[in-house]
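Trainee: Quick one: this structure, given as structure tokens, is what I'll be asking you about.
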Amino acid sequence: MNTTRYRAALRLLLVAALAAPAALPPAAVAAESAPRAGSAPAAWGVDQLMAALATQKSGRARFVETKYLAMLERPVESSGELVFVAPDRLEKRTLSPKPESLTLTGDMMTVERAGRKTVIPLQNFPELAGFIESLRGTLGGNRDALERYYRLSLEGQAARWTLTLTPTEPRMAAAIHTIRIDGAGDKVQSVEIRQADGDRSVMRITHAGAR
């Protein structure tokens with residue numbers, strides 16, 4: 001897989017996974033960091049965030065993604081929907097400006113565009129497979145799995161937080177500089193991916209039922 005396709009695969013899969021709506025109500029997330037009677041206040045941290053995200057079983061969200069590329073004078077915008085179905089199916093369906101879909105099921109990745117379908121066995125690309133397993137670790141609330149691939153930095157509180165992921169695997173770090181995920185409660189609201197070459201993309205997410 002060439003560098004351009006590798007970066008695209010990492011970006012699309014990361015957004016599809018981390019943008020999947022969680023099932024836990026925001027109030028429940030806040031309650032995890034609230035003090036119990038007669039006990040010291042529990043600190044809000046990565047463990048609490050992972051616990052909230054781990055509760056999701058399936059979900060659907062709308063997205064608007066803006067890409068800022070050095071080779072273009074103006075940003076490029078696309079929109080569509082994100083779908084997650086437990087335990088391992090992730091979909092990113094772009095509807096505008098051109099239909100395109102990326103689906104991850106088990107150890108196979110399928111890309112469909114312009115009437116053509118490409119199926120990629122992840123076992124042929126160990127570095128990409130390792131990346132995806134780290135995403136599944138996030139969806140499963142597995143901090144240990146996530147930290148095998150990223151250095152984590154969490155800012156804010158349960159009501160509004162920012163999680164920054166810095167890749168530690170050399171090839172991944174050569175493609176992606178940092179990933180900034182902003183959210184409120186158990187909901188991811190935006191994902192910003194800064195590439196090592198200076199390009200970046202920002203995806204704004206509206207969860208099903210939100211107005």
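Simple scheme: letters A, B, ... for chains in structure tokens order, numbers from 1 for residues in each chain, numbers from 1 for ligands in the order shown.
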At a cut-off of 10 Å, using only C-alpha atoms, what residues contact Lys117 of chain A? Leave out same-chain residues fewer than 5 positions from it and give the result as a ChimeraX atom specification.

Mentor: /A:101-102,110-112

Trainee: Those selected residues, please, written with N, CA and C atoms and delivered as an mmCIF file, in the first residue's frame.

Mentor:
data_model
loop_
_atom_site.group_PDB
_atom_site.id
_atom_site.type_symbol
_atom_site.label_atom_id
_atom_site.label_comp_id
_atom_site.auth_asym_id
_atom_site.auth_seq_id
_atom_site.Cartn_x
_atom_site.Cartn_y
_atom_site.Cartn_z
ATOM 1 N N SER A 101 -17.899 4.518 0.012
ATOM 2 C CA SER A 101 -18.060 3.846 1.301
ATOM 3 C C SER A 101 -16.814 3.064 1.659
ATOM 4 N N LEU A 102 -16.550 3.010 2.952
ATOM 5 C CA LEU A 102 -15.473 2.195 3.498
ATOM 6 C C LEU A 102 -16.074 1.357 4.612
ATOM 7 N N THR A 110 -13.243 -3.116 3.012
ATOM 8 C CA THR A 110 -13.810 -2.983 1.673
ATOM 9 C C THR A 110 -14.025 -1.509 1.355
ATOM 10 N N VAL A 111 -13.505 -1.078 0.197
ATOM 11 C CA VAL A 111 -13.677 0.301 -0.260
ATOM 12 C C VAL A 111 -14.462 0.262 -1.562
ATOM 13 N N GLU A 112 -15.541 1.052 -1.638
ATOM 14 C CA GLU A 112 -16.355 1.129 -2.845
ATOM 15 C C GLU A 112 -16.429 2.572 -3.322
#

Trainee: For Ser96 of chain A, work out the shell of residues within 12 Å, counting only C-alpha atoms and skipping chain neighbours fewer than 4 positions away, then give it as a list in words.

Mentor: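 Non-adjacent residues within range: Arg62, Phe63, Val64, Glu65, Thr66, Val76, Glu77, Ser78, Ser79, Gly80, Glu81, Glu100 and Ser101 of chain A.
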
Trainee: Could you write those residues out with N, CA, C and O atoms, as a CSV table (one decimal), in the first residue's frame?

Mentor:
chain,number,residue,atom,x,y,z
A,62,ARG,N,-24.4,11.5,11.7
A,62,ARG,CA,-24.1,12.2,10.5
A,62,ARG,C,-22.8,13.0,10.7
A,62,ARG,O,-22.4,13.3,11.8
A,63,PHE,N,-22.1,13.2,9.5
A,63,PHE,CA,-20.8,13.9,9.6
A,63,PHE,C,-20.7,14.9,8.5
A,63,PHE,O,-21.3,14.8,7.4
A,64,VAL,N,-19.9,15.9,8.8
A,64,VAL,CA,-19.4,16.9,7.8
A,64,VAL,C,-17.9,16.9,8.0
A,64,VAL,O,-17.4,17.3,9.0
A,65,GLU,N,-17.1,16.6,6.9
A,65,GLU,CA,-15.7,16.5,7.0
A,65,GLU,C,-15.1,17.6,6.1
A,65,GLU,O,-15.4,17.7,5.0
A,66,THR,N,-14.1,18.4,6.7
A,66,THR,CA,-13.4,19.4,5.9
A,66,THR,C,-12.0,19.1,5.9
A,66,THR,O,-11.3,18.9,6.9
A,76,VAL,N,-11.7,21.2,1.1
A,76,VAL,CA,-12.6,20.2,0.5
A,76,VAL,C,-13.6,19.7,1.5
A,76,VAL,O,-13.1,19.2,2.6
A,77,GLU,N,-14.9,19.8,1.2
A,77,GLU,CA,-15.9,19.3,2.2
A,77,GLU,C,-16.7,18.2,1.7
A,77,GLU,O,-17.0,18.1,0.5
A,78,SER,N,-16.9,17.2,2.5
A,78,SER,CA,-17.8,16.1,2.2
A,78,SER,C,-18.7,15.8,3.4
A,78,SER,O,-18.5,16.3,4.5
A,79,SER,N,-19.7,15.0,3.1
A,79,SER,CA,-20.7,14.7,4.2
A,79,SER,C,-21.3,13.3,4.0
A,79,SER,O,-21.3,12.8,2.9
A,80,GLY,N,-21.9,12.8,5.0
A,80,GLY,CA,-22.5,11.5,4.9
A,80,GLY,C,-22.8,10.9,6.3
A,80,GLY,O,-23.2,11.7,7.2
A,81,GLU,N,-22.7,9.6,6.5
A,81,GLU,CA,-23.1,9.0,7.8
A,81,GLU,C,-22.1,8.0,8.2
A,81,GLU,O,-21.3,7.4,7.4
A,100,GLU,N,-19.3,7.2,-1.8
A,100,GLU,CA,-18.1,6.4,-1.5
A,100,GLU,C,-18.4,5.7,-0.1
A,100,GLU,O,-19.0,6.3,0.7
A,101,SER,N,-17.9,4.5,0.0
A,101,SER,CA,-18.1,3.8,1.3
A,101,SER,C,-16.8,3.1,1.7
A,101,SER,O,-16.1,2.6,0.8

Trainee: When DSSP works through the backbone of this structure, what residues of segment 64-105 of chain A end up as strand (DSSP E), shown as a list of chain:residue names?

Mentor: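 Matching residues for strand (DSSP E) in segment 64-105 of chain A are A:Val64, A:Glu65, A:Thr66, A:Lys67, A:Tyr68, A:Val76, A:Glu77, A:Ser78, A:Ser79, A:Gly80, A:Glu81, A:Leu82, A:Val83, A:Phe84, A:Val85, A:Arg89, A:Leu90, A:Glu91, A:Lys92, A:Arg93, A:Thr94, A:Leu95, A:Ser96, A:Glu100, A:Ser101, A:Leu102, A:Thr103, A:Leu104, A:Thr105.
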
Trainee: Step one, run DSSP on the backbone; step two, keep only residues of segment 41-143 of chain A assigned to alpha helix (DSSP H); then write them as a PyMOL selection string.

Mentor: chain A and resi 46-53+126-139+143

Trainee: What does the distance between atom CA of Arg151 of chain A and atom CA of Ser58 of chain A come to in Å, to one decimal place?

Mentor: 26.7 Å

Trainee: For Arg113 of chain A, which residue out of A:Gly183, A:Gly156, A:Pro99, A:Pro75 is the nearest one, using only C-alpha atoms?

Mentor: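 Once distances to Arg113 of chain A are computed over only C-alpha atoms, the minimum belongs to A:Pro99.
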
Trainee: Just give me the gap between atom CA of Val46 of chain A and atom CA of Leu154 of chain A in Å, one decimal is fine.

Mentor: 6.5 Å

Trainee: Let me make sure I understand: among A:Met203, A:Leu95, A:Ala173, A:Val119, which one has the smallest atom-to-atom distance to Val188 of chain A if we use only C-alpha atoms?

Mentor: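 Closest to Val188 of chain A of all the choices is A:Met203.
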
Trainee: How far is it from atom CA of Leu122 of chain A to atom CA of Val83 of chain A, in Å with one decimal?

Mentor: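 Rounded to one decimal, the two atoms are 20.1 Å apart.
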
Trainee: Return the single residue from A:Ala70, A:Leu82, A:Ile132, A:Ile179 that is closest to Asp199 of chain A, with distances computed using only C-alpha atoms.

Mentor: A:Ala70

Trainee: Just checking: using only C-alpha atoms, which residue out of A:Ile120, A:Leu104, A:Met109, A:Leu163 ends up closest to Asp47 of chain A?

Mentor: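 Answer, going by the shortest atom-to-atom distance: A:Leu163.
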
Trainee: Using only C-alpha atoms, which of A:Arg148, A:Arg143, A:Lys92, A:Lys67 sits nearest Thr168 of chain A?

Mentor: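 Using only C-alpha atoms, the shortest distance to Thr168 of chain A belongs to A:Arg148.
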
Trainee: Which residue is closest to Arg171 of chain A? Choose from A:Ala158, A:Ala184, A:Ala196, A:Val202 and count only C-alpha atoms.

Mentor: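 The answer is A:Ala196, which sits nearest to Arg171 of chain A.
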
Trainee: Tell me which protein, DNA and RNA residues are within 8 Å of Trp44 of chain A, counting only C-alpha atoms, leaving out same-chain ones fewer than 4 positions away, and put them as a count of residues only.

Mentor: 5
